[in-house]
$ cat my_file_9.cif   # mmCIF, C-alpha atoms
data_start
loop_
_atom_site.group_PDB
_atom_site.id
_atom_site.type_symbol
_atom_site.label_atom_id
_atom_site.label_comp_id
_atom_site.auth_asym_id
_atom_site.auth_seq_id
_atom_site.Cartn_x
_atom_site.Cartn_y
_atom_site.Cartn_z
ATOM 1 C CA MET A 18 68.701 39.903 56.576
ATOM 2 C CA THR A 19 66.000 37.227 56.809
ATOM 3 C CA VAL A 20 65.498 35.913 60.328
ATOM 4 C CA ASP A 21 66.693 32.338 60.921
ATOM 5 C CA LYS A 22 63.634 30.107 61.448
ATOM 6 C CA SER A 23 65.411 26.783 61.078
ATOM 7 C CA ALA A 24 63.819 24.038 63.175
ATOM 8 C CA GLN A 25 67.042 23.445 65.086
ATOM 9 C CA ARG A 26 67.415 27.108 66.052
ATOM 10 C CA ILE A 27 63.751 27.565 67.052
ATOM 11 C CA ARG A 28 63.674 24.345 69.095
ATOM 12 C CA ARG A 29 66.848 25.199 70.997
ATOM 13 C CA MET A 30 65.850 28.818 71.543
ATOM 14 C CA PHE A 31 62.472 27.999 73.071
ATOM 15 C CA GLY A 32 63.988 25.154 75.065
ATOM 16 C CA GLU A 33 66.457 27.588 76.633
ATOM 17 C CA ILE A 34 63.821 30.157 77.643
ATOM 18 C CA SER A 35 61.087 27.686 78.610
ATOM 19 C CA GLN A 36 61.462 28.118 82.382
ATOM 20 C CA ARG A 37 60.969 31.901 82.174
ATOM 21 C CA TYR A 38 58.620 31.896 79.178
ATOM 22 C CA ASP A 39 55.287 32.305 80.987
ATOM 23 C CA PHE A 40 56.572 34.934 83.394
ATOM 24 C CA LEU A 41 58.075 37.030 80.604
ATOM 25 C CA ASN A 42 54.986 36.743 78.389
ATOM 26 C CA HIS A 43 52.791 38.121 81.166
ATOM 27 C CA PHE A 44 55.347 40.686 82.352
ATOM 28 C CA LEU A 45 56.357 42.118 78.974
ATOM 29 C CA SER A 46 52.752 42.313 77.744
ATOM 30 C CA GLY A 47 51.505 43.840 80.990
ATOM 31 C CA GLY A 48 49.141 40.890 81.330
ATOM 32 C CA VAL A 49 47.216 41.772 78.153
ATOM 33 C CA ASP A 50 48.018 38.318 76.726
ATOM 34 C CA TYR A 51 45.271 36.909 78.993
ATOM 35 C CA TYR A 52 42.812 39.288 77.345
ATOM 36 C CA TRP A 53 43.951 38.288 73.833
ATOM 37 C CA ARG A 54 43.279 34.620 74.522
ATOM 38 C CA TRP A 55 39.897 35.442 76.079
ATOM 39 C CA ARG A 56 38.932 37.435 72.983
ATOM 40 C CA THR A 57 40.139 34.624 70.723
ATOM 41 C CA ILE A 58 37.845 32.077 72.368
ATOM 42 C CA ARG A 59 34.888 34.465 72.321
ATOM 43 C CA PHE A 60 35.487 35.161 68.618
ATOM 44 C CA ALA A 61 35.875 31.460 67.749
ATOM 45 C CA PRO A 62 34.156 29.423 70.503
ATOM 46 C CA PRO A 63 33.793 25.621 70.528
ATOM 47 C CA ARG A 64 30.665 24.206 68.873
ATOM 48 C CA GLY A 65 29.609 20.699 69.785
ATOM 49 C CA THR A 66 31.927 18.070 71.207
ATOM 50 C CA ALA A 67 34.435 17.446 68.372
ATOM 51 C CA PRO A 68 38.059 17.853 69.489
ATOM 52 C CA ILE A 69 40.165 21.010 69.259
ATOM 53 C CA LEU A 70 43.852 21.215 68.336
ATOM 54 C CA ASP A 71 46.252 23.997 69.335
ATOM 55 C CA VAL A 72 49.533 23.871 67.385
ATOM 56 C CA CYS A 73 52.799 25.539 68.403
ATOM 57 C CA THR A 74 51.132 25.393 71.797
ATOM 58 C CA GLY A 75 54.219 26.295 73.845
ATOM 59 C CA THR A 76 53.276 25.980 77.499
ATOM 60 C CA GLY A 77 49.661 25.354 76.549
ATOM 61 C CA ASP A 78 47.884 28.559 77.570
ATOM 62 C CA LEU A 79 45.438 28.715 74.640
ATOM 63 C CA ALA A 80 44.833 24.959 74.690
ATOM 64 C CA ILE A 81 44.026 25.069 78.393
ATOM 65 C CA ALA A 82 41.774 28.115 77.894
ATOM 66 C CA TYR A 83 39.822 26.237 75.201
ATOM 67 C CA TRP A 84 39.575 23.194 77.466
ATOM 68 C CA LYS A 85 38.076 25.297 80.245
ATOM 69 C CA ARG A 86 35.691 27.063 77.847
ATOM 70 C CA GLY A 87 34.427 23.658 76.734
ATOM 71 C CA ALA A 88 33.640 22.852 80.372
ATOM 72 C CA ARG A 89 36.268 20.094 80.122
ATOM 73 C CA GLN A 90 33.813 18.131 77.948
ATOM 74 C CA VAL A 91 35.488 18.980 74.613
ATOM 75 C CA PRO A 92 38.792 17.107 74.091
ATOM 76 C CA VAL A 93 41.664 19.521 73.470
ATOM 77 C CA TYR A 94 45.135 18.607 72.212
ATOM 78 C CA GLY A 95 48.260 20.706 71.987
ATOM 79 C CA THR A 96 51.289 20.089 69.798
ATOM 80 C CA ASP A 97 54.758 21.605 69.819
ATOM 81 C CA PHE A 98 58.187 20.381 68.762
ATOM 82 C CA THR A 99 59.965 21.802 71.836
ATOM 83 C CA HIS A 100 60.006 19.107 74.506
ATOM 84 C CA GLU A 101 60.735 21.495 77.381
ATOM 85 C CA MET A 102 57.648 23.567 76.573
ATOM 86 C CA LEU A 103 55.414 20.494 76.474
ATOM 87 C CA THR A 104 56.717 19.339 79.844
ATOM 88 C CA LEU A 105 55.555 22.625 81.352
ATOM 89 C CA ALA A 106 52.230 22.502 79.482
ATOM 90 C CA THR A 107 51.479 19.022 80.785
ATOM 91 C CA ARG A 108 52.354 20.090 84.317
ATOM 92 C CA LYS A 109 50.031 23.109 84.067
ATOM 93 C CA ALA A 110 47.172 20.997 82.746
ATOM 94 C CA GLY A 111 47.727 18.399 85.458
ATOM 95 C CA ASN A 112 47.274 15.345 83.228
ATOM 96 C CA ARG A 113 49.055 12.891 80.958
ATOM 97 C CA GLY A 114 47.025 12.140 77.847
ATOM 98 C CA THR A 115 48.206 10.250 74.788
ATOM 99 C CA GLY A 116 46.270 11.495 71.756
ATOM 100 C CA PRO A 117 42.910 11.988 70.025
ATOM 101 C CA ASP A 118 42.638 8.461 68.610
ATOM 102 C CA GLY A 119 40.420 6.950 71.298
ATOM 103 C CA THR A 120 43.257 5.751 73.516
ATOM 104 C CA ALA A 121 43.732 8.968 75.507
ATOM 105 C CA SER A 122 42.979 8.591 79.181
ATOM 106 C CA GLN A 123 42.395 12.309 79.675
ATOM 107 C CA GLU A 124 40.358 15.043 77.960
ATOM 108 C CA MET A 125 43.549 17.025 77.311
ATOM 109 C CA ALA A 126 46.877 15.834 75.954
ATOM 110 C CA PHE A 127 50.107 17.381 74.713
ATOM 111 C CA ILE A 128 51.968 15.727 71.850
ATOM 112 C CA GLU A 129 55.453 16.447 70.499
ATOM 113 C CA ALA A 130 55.018 17.223 66.798
ATOM 114 C CA ASP A 131 56.035 19.658 64.057
ATOM 115 C CA THR A 132 53.198 21.859 62.762
ATOM 116 C CA GLN A 133 54.376 21.164 59.221
ATOM 117 C CA GLN A 134 53.889 17.391 59.747
ATOM 118 C CA LEU A 135 51.000 16.830 62.135
ATOM 119 C CA PRO A 136 50.433 13.184 63.172
ATOM 120 C CA PHE A 137 46.641 13.282 62.770
ATOM 121 C CA ALA A 138 44.085 12.065 60.273
ATOM 122 C CA GLU A 139 42.449 14.494 57.877
ATOM 123 C CA GLY A 140 39.328 16.337 59.031
ATOM 124 C CA LEU A 141 39.538 15.514 62.726
ATOM 125 C CA PHE A 142 39.266 18.838 64.616
ATOM 126 C CA GLN A 143 36.485 21.435 64.831
ATOM 127 C CA ILE A 144 39.058 24.162 65.584
ATOM 128 C CA VAL A 145 42.771 24.226 64.803
ATOM 129 C CA SER A 146 44.363 27.196 66.551
ATOM 130 C CA VAL A 147 47.787 28.771 66.902
ATOM 131 C CA ALA A 148 48.736 31.638 69.210
ATOM 132 C CA PHE A 149 51.944 33.570 68.575
ATOM 133 C CA GLY A 150 53.522 30.540 66.933
ATOM 134 C CA LEU A 151 52.776 30.657 63.218
ATOM 135 C CA ARG A 152 55.516 33.226 62.591
ATOM 136 C CA ASN A 153 57.990 30.677 64.018
ATOM 137 C CA VAL A 154 57.058 28.075 61.411
ATOM 138 C CA ALA A 155 59.632 28.093 58.614
ATOM 139 C CA ASP A 156 56.992 27.635 55.887
ATOM 140 C CA THR A 157 53.916 29.734 56.740
ATOM 141 C CA LEU A 158 51.857 28.383 53.850
ATOM 142 C CA GLY A 159 52.921 24.813 54.588
ATOM 143 C CA GLY A 160 51.947 25.162 58.235
ATOM 144 C CA LEU A 161 48.538 26.611 57.336
ATOM 145 C CA ARG A 162 47.921 23.850 54.790
ATOM 146 C CA GLU A 163 48.641 21.230 57.421
ATOM 147 C CA MET A 164 46.360 22.965 59.936
ATOM 148 C CA THR A 165 43.638 23.072 57.269
ATOM 149 C CA ARG A 166 44.137 19.391 56.425
ATOM 150 C CA VAL A 167 43.393 18.199 59.962
ATOM 151 C CA CYS A 168 40.461 20.623 60.378
ATOM 152 C CA GLN A 169 36.938 19.309 59.792
ATOM 153 C CA PRO A 170 34.932 20.545 56.790
ATOM 154 C CA GLY A 171 33.035 23.524 58.153
ATOM 155 C CA GLY A 172 35.582 23.846 60.963
ATOM 156 C CA ARG A 173 37.753 26.864 61.691
ATOM 157 C CA VAL A 174 41.449 27.659 61.613
ATOM 158 C CA VAL A 175 42.278 30.355 64.181
ATOM 159 C CA VAL A 176 45.487 32.403 64.135
ATOM 160 C CA LEU A 177 46.419 34.843 66.920
ATOM 161 C CA GLU A 178 49.636 36.676 66.129
ATOM 162 C CA PHE A 179 51.585 39.833 66.856
ATOM 163 C CA SER A 180 51.297 42.641 64.317
ATOM 164 C CA LEU A 181 52.407 46.233 63.861
ATOM 165 C CA PRO A 182 49.922 49.023 64.733
ATOM 166 C CA SER A 183 48.532 51.024 61.820
ATOM 167 C CA ASN A 184 48.454 54.348 63.724
ATOM 168 C CA ARG A 185 51.758 55.973 62.793
ATOM 169 C CA PRO A 186 52.589 57.854 66.050
ATOM 170 C CA PHE A 187 51.660 54.835 68.192
ATOM 171 C CA ARG A 188 53.472 52.507 65.796
ATOM 172 C CA ALA A 189 56.674 54.554 66.144
ATOM 173 C CA VAL A 190 56.569 54.412 69.955
ATOM 174 C CA TYR A 191 55.675 50.728 69.923
ATOM 175 C CA GLN A 192 58.476 49.818 67.537
ATOM 176 C CA TRP A 193 60.991 51.760 69.635
ATOM 177 C CA TYR A 194 59.943 49.802 72.735
ATOM 178 C CA PHE A 195 59.776 46.535 70.790
ATOM 179 C CA ARG A 196 63.253 46.934 69.292
ATOM 180 C CA ASN A 197 65.138 48.599 72.138
ATOM 181 C CA ILE A 198 63.563 47.931 75.533
ATOM 182 C CA LEU A 199 61.828 44.566 75.258
ATOM 183 C CA PRO A 200 64.902 42.656 73.934
ATOM 184 C CA ARG A 201 67.118 43.965 76.744
ATOM 185 C CA ILE A 202 64.644 43.074 79.481
ATOM 186 C CA GLY A 203 63.903 39.690 77.944
ATOM 187 C CA GLN A 204 67.535 38.774 77.450
ATOM 188 C CA LEU A 205 68.413 39.909 80.975
ATOM 189 C CA LEU A 206 65.664 37.831 82.604
ATOM 190 C CA ALA A 207 65.896 34.800 80.318
ATOM 191 C CA ARG A 208 69.533 34.465 79.328
ATOM 192 C CA ASN A 209 69.975 32.308 76.245
ATOM 193 C CA GLN A 210 72.449 31.742 73.461
ATOM 194 C CA HIS A 211 69.998 32.400 70.620
ATOM 195 C CA ALA A 212 68.985 36.018 71.392
ATOM 196 C CA ALA A 213 65.340 35.013 71.707
ATOM 197 C CA TYR A 214 64.105 38.508 72.525
ATOM 198 C CA ASN A 215 65.956 40.042 69.602
ATOM 199 C CA TYR A 216 64.393 37.377 67.411
ATOM 200 C CA LEU A 217 60.896 38.403 68.566
ATOM 201 C CA PRO A 218 60.741 41.902 66.981
ATOM 202 C CA GLN A 219 62.619 40.672 63.899
ATOM 203 C CA SER A 220 60.159 37.841 63.319
ATOM 204 C CA VAL A 221 57.132 40.115 63.860
ATOM 205 C CA ALA A 222 58.479 42.698 61.405
ATOM 206 C CA GLU A 223 58.910 40.020 58.708
ATOM 207 C CA PHE A 224 55.621 38.210 59.265
ATOM 208 C CA PRO A 225 52.726 38.962 56.863
ATOM 209 C CA GLN A 226 49.689 40.630 58.356
ATOM 210 C CA GLY A 227 46.215 41.788 57.390
ATOM 211 C CA GLU A 228 45.197 41.033 53.802
ATOM 212 C CA THR A 229 48.627 39.542 53.049
ATOM 213 C CA LEU A 230 48.185 36.777 55.627
ATOM 214 C CA ALA A 231 44.521 36.387 54.670
ATOM 215 C CA ALA A 232 45.622 35.689 51.093
ATOM 216 C CA ILE A 233 48.003 32.974 52.327
ATOM 217 C CA MET A 234 45.165 31.448 54.356
ATOM 218 C CA ARG A 235 43.023 31.351 51.217
ATOM 219 C CA GLU A 236 45.859 29.690 49.310
ATOM 220 C CA ALA A 237 45.999 27.093 52.107
ATOM 221 C CA GLY A 238 42.372 26.202 51.330
ATOM 222 C CA LEU A 239 40.393 28.381 53.750
ATOM 223 C CA THR A 240 37.444 30.647 52.976
ATOM 224 C CA ASP A 241 35.477 33.406 54.728
ATOM 225 C CA ILE A 242 38.646 34.886 56.237
ATOM 226 C CA ARG A 243 37.980 37.447 58.948
ATOM 227 C CA TRP A 244 40.566 39.334 60.939
ATOM 228 C CA LYS A 245 40.328 41.639 63.906
ATOM 229 C CA PRO A 246 43.009 43.936 65.397
ATOM 230 C CA MET A 247 43.365 43.957 69.181
ATOM 231 C CA THR A 248 44.961 46.456 71.573
ATOM 232 C CA PHE A 249 45.577 49.170 68.941
ATOM 233 C CA GLY A 250 46.811 46.586 66.448
ATOM 234 C CA ILE A 251 49.569 45.062 68.583
ATOM 235 C CA ALA A 252 47.938 41.683 67.986
ATOM 236 C CA MET A 253 45.720 40.427 65.188
ATOM 237 C CA LEU A 254 43.181 37.599 65.251
ATOM 238 C CA TYR A 255 42.372 35.708 62.035
ATOM 239 C CA VAL A 256 39.680 33.074 61.509
ATOM 240 C CA GLY A 257 39.165 31.054 58.342
ATOM 241 C CA VAL A 258 36.679 28.298 57.529
ATOM 242 C CA LYS A 259 37.484 24.996 55.826
ATOM 243 C CA PRO A 260 34.978 24.529 52.977
ATOM 244 C CA GLY A 261 32.496 21.685 53.149
ATOM 245 C CA ILE A 262 29.623 20.395 55.250
ATOM 246 C CA PRO A 263 30.461 19.394 58.849
#
$ encode --input "my_file_9.cif" --output "structure tokens"
Amino acid sequence: MTVDKSAQRIRRMFGEISQRYDFLNHFLSGGVDYYWRWRTIRFAPPRGTAPILDVCTGTGDLAIAYWKRGARQVPVYGTDFTHEMLTLATRKAGNRGTGPDGTASQEMAFIEADTQQLPFAEGLFQIVSVAFGLRNVADTLGGLREMTRVCQPGGRVVVLEFSLPSNRPFRAVYQWYFRNILPRIGQLLARNQHAAYNYLPQSVAEFPQGETLAAIMREAGLTDIRWKPMTFGIAMLYVGVKPGIP
């Protein structure tokens, strides 16, 4: 059965777990999610002062990490279509910006928007990133095309996502934990009506990875696709370049 990624279901699910989302991310990953974001920014660091966009930003962890890496001199914007998540992201960032159109009063802002219909002009951002959110977008290719559209020529689209380890013995143990232990702990600590922590392993199992996702990124208009497994392949980092001269 194909996992339900309808906008209504995803929005409600993440709204329900928003208050426990950060705690469970850190707890269930053993804190390795901090390392994944650190590696992401080292692999695709800011260049110059053009703005950065983080889509499906959730509570804003990657957006905030990019903002700090840019010494708070590079404008960073986060988008998500779950209002409850953005409320927490704004609180964590400690500001209230409005957008990257010259009217923002802060260097960081969070904007309610669907990744498949971003409210930005073409070619605006030096980096368009997404961390553990692309698999929640109903149309993977459509989401990547929209991320590519708002990226500058010569800019980068960065995707950090869960994957399945290639080592068979480790993969078997990991999948057992992912399917049997993680959902029970997650559901116990973040009770919700949409079985969010059963959805997690289902969505990871269905999501394309490696060359399959790289091919979709190329179809979206990106070139020079590189990908790098992290933590024995539990997560995968992809970077593609939008063709053209910056």
$ closest_residue --input "my_file_9.cif" --among "A:Arg152, A:Lys85, A:Arg37, A:Lys259" --to "Met164 (chain A)" --atoms "only C-alpha atoms"
A:Lys259
$ resolve_selection --input "my_file_9.cif" --expression "the PyMOL selection byres ((chain A and resi 134) around 10)" --output "list in words"
Ala130, Asp131, Thr132, Gln133, Leu135, Pro136, Phe137, Gly159, Gly160, Glu163 and Met164 of chain A
$ write_last_selection --input "my_file_9.cif" --atoms "C-alpha atoms" --output "PDB file, in the coordinates of the input"
ATOM      1  CA  ALA A 130      55.018  17.223  66.798  1.00  0.00           C
ATOM      2  CA  ASP A 131      56.035  19.658  64.057  1.00  0.00           C
ATOM      3  CA  THR A 132      53.198  21.859  62.762  1.00  0.00           C
ATOM      4  CA  GLN A 133      54.376  21.164  59.221  1.00  0.00           C
ATOM      5  CA  LEU A 135      51.000  16.830  62.135  1.00  0.00           C
ATOM      6  CA  PRO A 136      50.433  13.184  63.172  1.00  0.00           C
ATOM      7  CA  PHE A 137      46.641  13.282  62.770  1.00  0.00           C
ATOM      8  CA  GLY A 159      52.921  24.813  54.588  1.00  0.00           C
ATOM      9  CA  GLY A 160      51.947  25.162  58.235  1.00  0.00           C
ATOM     10  CA  GLU A 163      48.641  21.230  57.421  1.00  0.00           C
ATOM     11  CA  MET A 164      46.360  22.965  59.936  1.00  0.00           C
TER      12      MET A 164
END
$ residues_around --input "my_file_9.cif" --residues "Gln36 (chain A)" --least-positions-apart "2" --cutoff "9 Å" --atoms "only C-alpha atoms" --output "PyMOL selection string"
chain A and resi 32-34+38-40+101-102+105+207
$ closest_residue --input "my_file_9.cif" --among "A:Ser220, A:Thr96, A:Ser146, A:Thr104" --to "Ile58 (chain A)" --atoms "all atoms listed in the file"
A:Ser146
$ closest_residue --input "my_file_9.cif" --among "A:Ala82, A:Val147, A:Val20, A:Leu161" --to "Tyr52 (chain A)" --atoms "all atoms listed in the file"
A:Ala82
$ closest_residue --input "my_file_9.cif" --among "A:Leu158, A:Ala189, A:Leu103, A:Ile262" --to "Ile233 (chain A)" --atoms "only C-alpha atoms"
A:Leu158
$ closest_residue --input "my_file_9.cif" --among "A:Val190, A:Ala222, A:Ile251, A:Leu217" --to "Met30 (chain A)" --atoms "all atoms listed in the file"
A:Leu217
$ resolve_selection --input "my_file_9.cif" --expression "the PyMOL selection byres ((chain A and resi 167) around 10)" --output "mmCIF file with C-alpha atoms, in the coordinates of the input"
data_model
loop_
_atom_site.group_PDB
_atom_site.id
_atom_site.type_symbol
_atom_site.label_atom_id
_atom_site.label_comp_id
_atom_site.auth_asym_id
_atom_site.auth_seq_id
_atom_site.Cartn_x
_atom_site.Cartn_y
_atom_site.Cartn_z
ATOM 1 C CA LEU A 70 43.852 21.215 68.336
ATOM 2 C CA LEU A 135 51.000 16.830 62.135
ATOM 3 C CA PRO A 136 50.433 13.184 63.172
ATOM 4 C CA PHE A 137 46.641 13.282 62.770
ATOM 5 C CA ALA A 138 44.085 12.065 60.273
ATOM 6 C CA GLU A 139 42.449 14.494 57.877
ATOM 7 C CA GLY A 140 39.328 16.337 59.031
ATOM 8 C CA LEU A 141 39.538 15.514 62.726
ATOM 9 C CA PHE A 142 39.266 18.838 64.616
ATOM 10 C CA GLN A 143 36.485 21.435 64.831
ATOM 11 C CA ILE A 144 39.058 24.162 65.584
ATOM 12 C CA VAL A 145 42.771 24.226 64.803
ATOM 13 C CA ARG A 162 47.921 23.850 54.790
ATOM 14 C CA GLU A 163 48.641 21.230 57.421
ATOM 15 C CA MET A 164 46.360 22.965 59.936
ATOM 16 C CA THR A 165 43.638 23.072 57.269
ATOM 17 C CA ARG A 166 44.137 19.391 56.425
ATOM 18 C CA CYS A 168 40.461 20.623 60.378
ATOM 19 C CA GLN A 169 36.938 19.309 59.792
ATOM 20 C CA PRO A 170 34.932 20.545 56.790
ATOM 21 C CA GLY A 172 35.582 23.846 60.963
ATOM 22 C CA VAL A 174 41.449 27.659 61.613
ATOM 23 C CA LYS A 259 37.484 24.996 55.826
#
$ resolve_selection --input "my_file_9.cif" --expression "the PyMOL selection byres ((chain A and resi 86) around 12)" --output "VMD selection string"
chain A and resid 54 to 59 61 to 66 69 79 to 85 87 to 93
$ atom_distance --input "my_file_9.cif" --atom1 "CA of Leu177 (chain A)" --atom2 "CA of Trp193 (chain A)"
22.5 Å
$ residues_around --input "my_file_9.cif" --residues "Thr157 (chain A)" --least-positions-apart "6" --cutoff "12 Å" --atoms "only C-alpha atoms" --output "list in words"
Lys22, Thr132, Gln133, Val147, Gly150, Leu151, Glu163, Met164, Val176, Glu223, Phe224, Pro225, Gln226, Thr229, Leu230, Ala231, Ala232, Ile233, Met234, Glu236 and Ala237 of chain A
$ residues_around --input "my_file_9.cif" --residues "Ala106 (chain A)" --least-positions-apart "6" --cutoff "10 Å" --atoms "only C-alpha atoms" --output "list in words"
Thr74, Gly75, Thr76, Gly77, Asp78, Ala80, Ile81, Gly95, His100, Asn112, Ala126 and Phe127 of chain A
$ write_last_selection --input "my_file_9.cif" --atoms "C-alpha atoms" --output "PDB file, keeping the file's coordinate frame"
ATOM      1  CA  THR A  74      51.132  25.393  71.797  1.00  0.00           C
ATOM      2  CA  GLY A  75      54.219  26.295  73.845  1.00  0.00           C
ATOM      3  CA  THR A  76      53.276  25.980  77.499  1.00  0.00           C
ATOM      4  CA  GLY A  77      49.661  25.354  76.549  1.00  0.00           C
ATOM      5  CA  ASP A  78      47.884  28.559  77.570  1.00  0.00           C
ATOM      6  CA  ALA A  80      44.833  24.959  74.690  1.00  0.00           C
ATOM      7  CA  ILE A  81      44.026  25.069  78.393  1.00  0.00           C
ATOM      8  CA  GLY A  95      48.260  20.706  71.987  1.00  0.00           C
ATOM      9  CA  HIS A 100      60.006  19.107  74.506  1.00  0.00           C
ATOM     10  CA  ASN A 112      47.274  15.345  83.228  1.00  0.00           C
ATOM     11  CA  ALA A 126      46.877  15.834  75.954  1.00  0.00           C
ATOM     12  CA  PHE A 127      50.107  17.381  74.713  1.00  0.00           C
TER      13      PHE A 127
END
$ closest_residue --input "my_file_9.cif" --among "A:Ala155, A:Val49, A:Met125, A:Leu239" --to "Ala252 (chain A)" --atoms "only C-alpha atoms"
A:Val49
$ build_atoms --input "my_file_9.cif" --residues "region 74-88 of chain A" --atoms "N, CA and C atoms" --output "mmCIF file, in the frame of the given file"
data_model
loop_
_atom_site.group_PDB
_atom_site.id
_atom_site.type_symbol
_atom_site.label_atom_id
_atom_site.label_comp_id
_atom_site.auth_asym_id
_atom_site.auth_seq_id
_atom_site.Cartn_x
_atom_site.Cartn_y
_atom_site.Cartn_z
ATOM 1 N N THR A 74 51.860 25.062 70.566
ATOM 2 C CA THR A 74 51.132 25.393 71.797
ATOM 3 C C THR A 74 52.010 25.968 72.890
ATOM 4 N N GLY A 75 53.333 25.783 72.803
ATOM 5 C CA GLY A 75 54.219 26.295 73.845
ATOM 6 C C GLY A 75 53.897 25.669 75.183
ATOM 7 N N THR A 76 53.627 26.499 76.172
ATOM 8 C CA THR A 76 53.276 25.980 77.499
ATOM 9 C C THR A 76 51.774 25.772 77.657
ATOM 10 N N GLY A 77 51.039 25.824 76.555
ATOM 11 C CA GLY A 77 49.661 25.354 76.549
ATOM 12 C C GLY A 77 48.585 26.335 76.957
ATOM 13 N N ASP A 78 48.874 27.627 77.036
ATOM 14 C CA ASP A 78 47.884 28.559 77.570
ATOM 15 C C ASP A 78 46.584 28.592 76.762
ATOM 16 N N LEU A 79 46.669 28.658 75.426
ATOM 17 C CA LEU A 79 45.438 28.715 74.640
ATOM 18 C C LEU A 79 44.717 27.375 74.664
ATOM 19 N N ALA A 80 45.451 26.285 74.620
ATOM 20 C CA ALA A 80 44.833 24.959 74.690
ATOM 21 C C ALA A 80 44.058 24.796 76.000
ATOM 22 N N ILE A 81 44.676 25.189 77.092
ATOM 23 C CA ILE A 81 44.026 25.069 78.393
ATOM 24 C C ILE A 81 42.804 25.986 78.467
ATOM 25 N N ALA A 82 42.913 27.190 77.897
ATOM 26 C CA ALA A 82 41.774 28.115 77.894
ATOM 27 C C ALA A 82 40.607 27.524 77.101
ATOM 28 N N TYR A 83 40.891 26.881 75.976
ATOM 29 C CA TYR A 83 39.822 26.237 75.201
ATOM 30 C C TYR A 83 39.215 25.068 75.982
ATOM 31 N N TRP A 84 40.045 24.340 76.673
ATOM 32 C CA TRP A 84 39.575 23.194 77.466
ATOM 33 C C TRP A 84 38.605 23.664 78.548
ATOM 34 N N LYS A 85 38.950 24.761 79.208
ATOM 35 C CA LYS A 85 38.076 25.297 80.245
ATOM 36 C C LYS A 85 36.795 25.860 79.641
ATOM 37 N N ARG A 86 36.889 26.502 78.494
ATOM 38 C CA ARG A 86 35.691 27.063 77.847
ATOM 39 C C ARG A 86 34.726 25.942 77.450
ATOM 40 N N GLY A 87 35.264 24.795 77.077
ATOM 41 C CA GLY A 87 34.427 23.658 76.734
ATOM 42 C C GLY A 87 33.952 22.870 77.934
ATOM 43 N N ALA A 88 34.068 23.480 79.111
ATOM 44 C CA ALA A 88 33.640 22.852 80.372
ATOM 45 C C ALA A 88 34.287 21.484 80.559
#
